[in-house]
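Content type mmCIF, C-alpha atoms, from the file target-v6.cif:
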data_input
loop_
_atom_site.label_atom_id
_atom_site.label_comp_id
_atom_site.auth_asym_id
_atom_site.auth_seq_id
_atom_site.Cartn_x
_atom_site.Cartn_y
_atom_site.Cartn_z
CA MET K 1 8.11 140.78 42.52
CA LYS K 2 6.36 137.65 41.36
CA ARG K 3 3.42 138.46 43.60
CA TRP K 4 3.13 141.98 42.16
CA CYS K 5 3.07 140.59 38.64
CA LEU K 6 0.27 138.25 39.59
CA ILE K 7 -1.73 141.06 41.18
CA VAL K 8 -1.32 143.27 38.10
CA ILE K 9 -2.35 140.44 35.79
CA ALA K 10 -5.37 139.69 37.98
CA LEU K 11 -6.42 143.36 37.93
CA ILE K 12 -6.13 143.56 34.13
CA ALA K 13 -8.13 140.37 33.74
CA ALA K 14 -10.80 141.65 36.12
CA SER K 15 -11.17 144.96 34.29
CA LEU K 16 -11.33 143.19 30.92
CA SER K 17 -14.11 140.87 32.05
CA ALA K 18 -15.96 143.79 33.68
CA THR K 19 -16.02 145.77 30.41
CA ALA K 20 -17.06 142.65 28.50
CA ALA K 21 -19.99 142.16 30.87
CA ALA K 22 -21.05 145.81 30.67
CA GLN K 23 -21.04 145.97 26.88
CA PRO K 24 -24.32 145.18 25.14
CA ILE K 25 -24.10 142.15 22.93
CA GLY K 26 -25.32 143.99 19.84
CA ASP K 27 -27.26 146.97 18.50
CA VAL K 28 -30.94 146.87 19.53
CA GLU K 29 -32.13 149.27 16.82
CA ALA K 30 -30.21 147.46 14.09
CA GLY K 31 -31.70 144.23 15.41
CA ARG K 32 -35.20 145.64 15.13
CA SER K 33 -34.78 146.34 11.42
CA LYS K 34 -33.21 142.92 10.85
CA SER K 35 -36.01 141.10 12.69
CA GLN K 36 -38.54 141.23 9.82
CA SER K 37 -38.39 137.55 8.93
CA CYS K 38 -38.20 136.43 12.58
CA VAL K 39 -41.44 138.07 13.64
CA ALA K 40 -43.68 135.99 11.38
CA CYS K 41 -43.21 133.07 13.76
CA HIS K 42 -41.75 134.60 16.93
CA GLY K 43 -44.16 137.55 17.19
CA ALA K 44 -43.51 141.27 16.63
CA LYS K 45 -41.51 141.62 19.84
CA GLY K 46 -40.63 137.99 20.33
CA ASP K 47 -43.90 137.26 22.13
CA ALA K 48 -44.99 134.39 19.88
CA ASP K 49 -48.62 133.38 20.34
CA ASN K 50 -48.16 130.15 18.37
CA PRO K 51 -47.05 127.60 20.99
CA ALA K 52 -44.91 125.75 18.45
CA PHE K 53 -42.43 128.65 18.46
CA PRO K 54 -40.46 129.90 21.44
CA MET K 55 -41.07 133.30 22.95
CA LEU K 56 -37.86 135.30 22.73
CA ALA K 57 -38.83 138.54 24.46
CA GLY K 58 -36.61 139.00 27.49
CA GLN K 59 -34.56 135.86 26.86
CA HIS K 60 -30.85 136.09 27.73
CA ALA K 61 -29.06 137.69 24.76
CA ASP K 62 -26.03 135.41 25.06
CA TYR K 63 -28.28 132.35 24.93
CA LEU K 64 -30.07 133.67 21.83
CA LEU K 65 -26.69 134.28 20.16
CA HIS K 66 -25.57 130.76 21.07
CA ALA K 67 -28.78 129.26 19.64
CA LEU K 68 -28.49 131.19 16.36
CA LYS K 69 -24.87 130.11 15.91
CA ALA K 70 -25.86 126.50 16.62
CA TYR K 71 -28.55 126.63 13.93
CA ARG K 72 -26.02 128.07 11.46
CA SER K 73 -23.29 125.53 12.26
CA GLY K 74 -25.69 122.58 12.22
CA ASP K 75 -25.26 121.83 15.94
CA ARG K 76 -29.00 122.35 16.00
CA ASN K 77 -30.97 120.67 13.25
CA ASN K 78 -34.24 122.42 12.41
CA ALA K 79 -35.70 122.81 8.93
CA ILE K 80 -36.81 126.41 9.39
CA MET K 81 -34.06 127.80 11.60
CA ASN K 82 -31.13 126.26 9.70
CA GLY K 83 -32.23 128.19 6.60
CA GLN K 84 -32.85 131.41 8.51
CA ALA K 85 -29.54 131.36 10.39
CA ALA K 86 -27.51 130.51 7.28
CA ALA K 87 -28.24 133.98 5.93
CA LEU K 88 -27.03 135.80 9.05
CA SER K 89 -23.58 137.25 9.83
CA ASN K 90 -22.16 137.26 13.36
CA GLU K 91 -23.09 140.93 13.61
CA ASP K 92 -26.68 140.21 12.48
CA MET K 93 -26.96 137.55 15.17
CA ARG K 94 -25.61 139.88 17.85
CA ASP K 95 -28.06 142.62 16.85
CA LEU K 96 -31.03 140.23 16.77
CA ALA K 97 -30.08 138.75 20.14
CA ALA K 98 -29.81 142.27 21.59
CA TYR K 99 -33.19 143.28 20.13
CA PHE K 100 -35.25 140.33 21.36
CA SER K 101 -33.52 140.29 24.72
CA ALA K 102 -34.37 143.98 25.22
CA GLN K 103 -38.13 143.55 24.68
CA GLU K 104 -40.56 143.47 27.58
CA PRO K 105 -40.05 139.99 29.02
CA ALA K 106 -42.58 137.33 28.03
CA ILE K 107 -40.55 134.70 29.88
CA TYR K 108 -38.63 134.71 33.12
CA SER K 109 -36.18 132.73 35.22
CA LEU K 110 -37.66 129.86 37.17
CA GLN K 111 -37.07 129.64 40.89
CA ARG K 112 -36.27 126.45 42.68
CA GLY K 113 -39.08 125.85 45.14
CA SER K 114 -38.84 125.64 48.89
CA ALA K 115 -37.47 122.50 50.53
CA ASN K 116 -40.99 121.08 50.45
CA THR K 117 -41.06 119.21 47.14
CA ASP K 118 -43.16 116.23 48.16
CA MET E 1 -79.48 104.61 7.90
CA LYS E 2 -76.59 106.34 6.23
CA ILE E 3 -76.86 109.19 8.75
CA LEU E 4 -76.81 106.74 11.62
CA ARG E 5 -73.63 105.19 10.26
CA LEU E 6 -72.03 108.63 9.94
CA LEU E 7 -73.04 109.52 13.49
CA THR E 8 -71.54 106.29 14.77
CA LEU E 9 -68.34 107.04 12.92
CA ALA E 10 -68.24 110.56 14.30
CA ALA E 11 -68.83 109.31 17.84
CA GLY E 12 -66.11 106.73 17.37
CA LEU E 13 -63.68 109.39 16.21
CA MET E 14 -64.54 111.58 19.18
CA ILE E 15 -63.80 108.74 21.57
CA LEU E 16 -60.44 108.23 19.88
CA ILE E 17 -59.45 111.88 19.55
CA VAL E 18 -60.58 113.47 22.80
CA PRO E 19 -58.35 111.41 25.13
CA ALA E 20 -55.43 111.98 22.73
CA LEU E 21 -55.94 115.72 23.08
CA SER E 22 -56.14 115.57 26.84
CA THR E 23 -52.93 113.55 27.21
CA ALA E 24 -51.14 116.25 25.22
CA GLN E 25 -51.60 118.42 28.30
CA GLY E 26 -48.98 117.72 30.93
CA ASP E 27 -49.64 117.40 34.63
CA ILE E 28 -48.20 120.42 36.46
CA GLU E 29 -47.97 118.67 39.83
CA ALA E 30 -46.21 115.65 38.29
CA GLY E 31 -43.96 118.04 36.39
CA ARG E 32 -42.98 119.74 39.62
CA ALA E 33 -41.38 116.58 40.95
CA LYS E 34 -39.83 115.63 37.61
CA ALA E 35 -38.31 119.10 37.11
CA TYR E 36 -36.06 118.79 40.16
CA THR E 37 -32.95 118.10 38.06
CA CYS E 38 -33.80 120.84 35.55
CA LEU E 39 -33.95 123.48 38.24
CA GLY E 40 -30.36 122.77 39.23
CA CYS E 41 -29.47 125.00 36.27
CA HIS E 42 -32.71 126.55 34.96
CA GLY E 43 -33.89 127.50 38.45
CA VAL E 44 -30.82 129.58 39.23
CA ASP E 45 -31.10 133.12 37.88
CA GLY E 46 -28.17 133.92 35.60
CA TYR E 47 -26.67 130.40 35.80
CA ARG E 48 -24.01 130.00 33.11
CA ASN E 49 -23.26 127.16 30.75
CA ALA E 50 -19.52 126.55 31.16
CA TYR E 51 -18.33 126.11 27.59
CA PRO E 52 -19.24 127.88 25.48
CA SER E 53 -20.15 130.48 28.08
CA PHE E 54 -23.74 131.71 27.98
CA ARG E 55 -26.57 132.01 30.47
CA VAL E 56 -28.93 129.04 30.37
CA PRO E 57 -32.31 129.98 28.86
CA LYS E 58 -35.17 131.36 30.90
CA LEU E 59 -38.02 128.85 30.73
CA GLY E 60 -40.67 130.32 33.03
CA GLY E 61 -43.80 131.05 31.01
CA GLN E 62 -42.35 129.57 27.82
CA HIS E 63 -44.76 127.67 25.52
CA ALA E 64 -45.12 124.04 26.64
CA ALA E 65 -45.27 122.73 23.07
CA TYR E 66 -41.95 124.39 22.28
CA ILE E 67 -40.29 122.99 25.42
CA VAL E 68 -41.44 119.50 24.44
CA SER E 69 -40.12 119.91 20.90
CA ALA E 70 -36.77 121.17 22.22
CA LEU E 71 -36.47 118.18 24.61
CA LYS E 72 -37.30 115.80 21.76
CA ALA E 73 -34.64 117.44 19.59
CA TYR E 74 -32.03 116.89 22.32
CA GLN E 75 -33.18 113.29 22.71
CA ALA E 76 -32.98 112.66 18.97
CA GLY E 77 -29.57 114.31 18.69
CA ASP E 78 -30.94 117.19 16.62
CA ARG E 79 -29.55 119.60 19.21
CA GLU E 80 -25.98 119.35 20.41
CA HIS E 81 -25.52 119.70 24.15
CA VAL E 82 -23.94 116.93 26.18
CA THR E 83 -25.86 117.56 29.39
CA MET E 84 -29.23 118.22 27.78
CA GLN E 85 -28.92 115.17 25.55
CA ALA E 86 -28.13 112.99 28.56
CA ILE E 87 -31.07 114.35 30.54
CA ALA E 88 -33.57 114.32 27.67
CA GLY E 89 -32.51 110.75 26.92
CA THR E 90 -33.97 109.60 30.24
CA LEU E 91 -37.37 111.25 29.69
CA SER E 92 -40.55 109.67 28.35
CA GLU E 93 -43.06 111.62 26.28
CA GLU E 94 -45.22 111.94 29.39
CA ASP E 95 -42.27 113.24 31.45
CA MET E 96 -41.61 115.89 28.81
CA GLN E 97 -45.26 116.97 28.76
CA ASP E 98 -45.38 117.20 32.56
CA ILE E 99 -42.15 119.17 32.86
CA ALA E 100 -43.19 121.50 30.02
CA ALA E 101 -46.57 122.13 31.66
CA TYR E 102 -44.87 122.99 34.95
CA PHE E 103 -42.44 125.44 33.31
CA ALA E 104 -45.10 127.00 31.07
CA ALA E 105 -47.26 127.63 34.11
CA GLY E 106 -44.37 129.44 35.77
CA GLY E 107 -42.81 126.76 37.97
CA GLU E 108 -43.27 127.40 41.67
CA GLU E 109 -45.57 130.32 40.91
CA ALA E 110 -48.03 127.78 39.57
CA VAL E 111 -48.17 125.68 42.71
CA GLN E 112 -47.99 128.37 45.39
#
Write-out of the structure in structure tokens:
Amino acid sequence: MKRWCLIVIALIAASLSATAAAQPIGDVEAGRSKSQSCVACHGAKGDADNPAFPMLAGQHADYLLHALKAYRSGDRNNAIMNGQAAALSNEDMRDLAAYFSAQEPAIYSLQRGSANTD
Amino acid sequence: MKILRLLTLAAGLMILIVPALSTAQGDIEAGRAKAYTCLGCHGVDGYRNAYPSFRVPKLGGQHAAYIVSALKAYQAGDREHVTMQAIAGTLSEEDMQDIAAYFAAGGEEAVQ
């Protein structure tokens, strides 16, 4: 009996996490229309050509959401981004993260090199 | 005579400024060795930060100047993240420039 309960709970948990992973973090089209003030520094599609600003195109959406929340909460201290993030709701942040993440990647995951690192 | 003095001044400034500009460029090969720790997380595709849960940022091809400014912010405490603050705290300006150059160039793609 106890074992069955555990199995059922495990299955429910697994299906919950699977749907969470499959769901997009926000609305890409809504993010596009909200991205007006971002693009001045980060480039039209998050492909900033000014090296002072990070390229966002193709970045992980959950990382972008984390960064925006950190700028809003003050966990990240940056004169420009603190002001920008203060004006955004959670939904705005989700949409923006979805939009920039969905653009043609300007950045990519690094690979650890072969064993030869001399 | 005045022109000569101006030229001397200009030459002097060049001597001062040009090396400063060149040291702003990191050394990709040096960065490769120094980035070993970084790649434990940033070199694993889809690697997740534990709490809060999010995938660690992609850094391949990112602007070097931005990577340096992010590392400095962690070092100064302007960005909260226990692990990144600890790692950035051990880095010199030169280390940051080298690591940033290596990432901006694409990591292993740059040295293959």
When you get a sec, could you note down which chain K residues fall within 10 Å of chain E, using all atoms listed in the file, as a short mmCIF file (atom, residue, chain, number, x, y, z; two decimals) with C-alpha atoms, in the frame of the given file?
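As written to disk, out-v7.cif reads:
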data_model
loop_
_atom_site.label_atom_id
_atom_site.label_comp_id
_atom_site.auth_asym_id
_atom_site.auth_seq_id
_atom_site.Cartn_x
_atom_site.Cartn_y
_atom_site.Cartn_z
CA ASP K 47 -43.90 137.26 22.13
CA ALA K 48 -44.99 134.39 19.88
CA ASP K 49 -48.62 133.38 20.34
CA ASN K 50 -48.16 130.15 18.37
CA PRO K 51 -47.05 127.60 20.99
CA ALA K 52 -44.91 125.75 18.45
CA PHE K 53 -42.43 128.65 18.46
CA PRO K 54 -40.46 129.90 21.44
CA MET K 55 -41.07 133.30 22.95
CA LEU K 56 -37.86 135.30 22.73
CA GLY K 58 -36.61 139.00 27.49
CA GLN K 59 -34.56 135.86 26.86
CA HIS K 60 -30.85 136.09 27.73
CA ALA K 61 -29.06 137.69 24.76
CA ASP K 62 -26.03 135.41 25.06
CA TYR K 63 -28.28 132.35 24.93
CA LEU K 64 -30.07 133.67 21.83
CA LEU K 65 -26.69 134.28 20.16
CA HIS K 66 -25.57 130.76 21.07
CA ALA K 67 -28.78 129.26 19.64
CA ALA K 70 -25.86 126.50 16.62
CA TYR K 71 -28.55 126.63 13.93
CA GLY K 74 -25.69 122.58 12.22
CA ASP K 75 -25.26 121.83 15.94
CA ARG K 76 -29.00 122.35 16.00
CA ASN K 77 -30.97 120.67 13.25
CA ASN K 78 -34.24 122.42 12.41
CA PRO K 105 -40.05 139.99 29.02
CA ALA K 106 -42.58 137.33 28.03
CA ILE K 107 -40.55 134.70 29.88
CA TYR K 108 -38.63 134.71 33.12
CA SER K 109 -36.18 132.73 35.22
CA LEU K 110 -37.66 129.86 37.17
CA GLN K 111 -37.07 129.64 40.89
CA ARG K 112 -36.27 126.45 42.68
CA GLY K 113 -39.08 125.85 45.14
CA SER K 114 -38.84 125.64 48.89
CA THR K 117 -41.06 119.21 47.14
CA ASP K 118 -43.16 116.23 48.16
#
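Atom CA of Gln36 of chain K lies 13.2 Å from atom CA of Ala87 of chain K.
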### Task
For Tyr99 of chain K, list every protein, DNA or RNA residue within 12 Å, evaluated using all atoms listed in the file, and leave out those in the same chain fewer than 2 positions away; present the list as a ChimeraX atom specification.
/K:24-36,38-39,44-46,56-62,64-65,92-97,101-105
## Note on the structure
atom CA of Tyr51 of chain E sits from atom CA of Gln84 of chain K at a separation of 24.6 Å
### Resolved residues for the PyMOL selection byres ((chain E and resi 87) around 9) as a VMD selection string
chain E and resid 37 to 38 71 74 to 75 82 to 86 88 to 91
### Task
Let me know the residues the PyMOL selection byres ((chain E and resi 27) around 8) catches in the file above, as a PyMOL selection string.
chain E and resi 25-26+28-31+97-99+101-102
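For the atom pair formed by atom CA of Lys69 of chain K and atom CA of Asn90 of chain K, the distance is 8.1 Å, given to one decimal.
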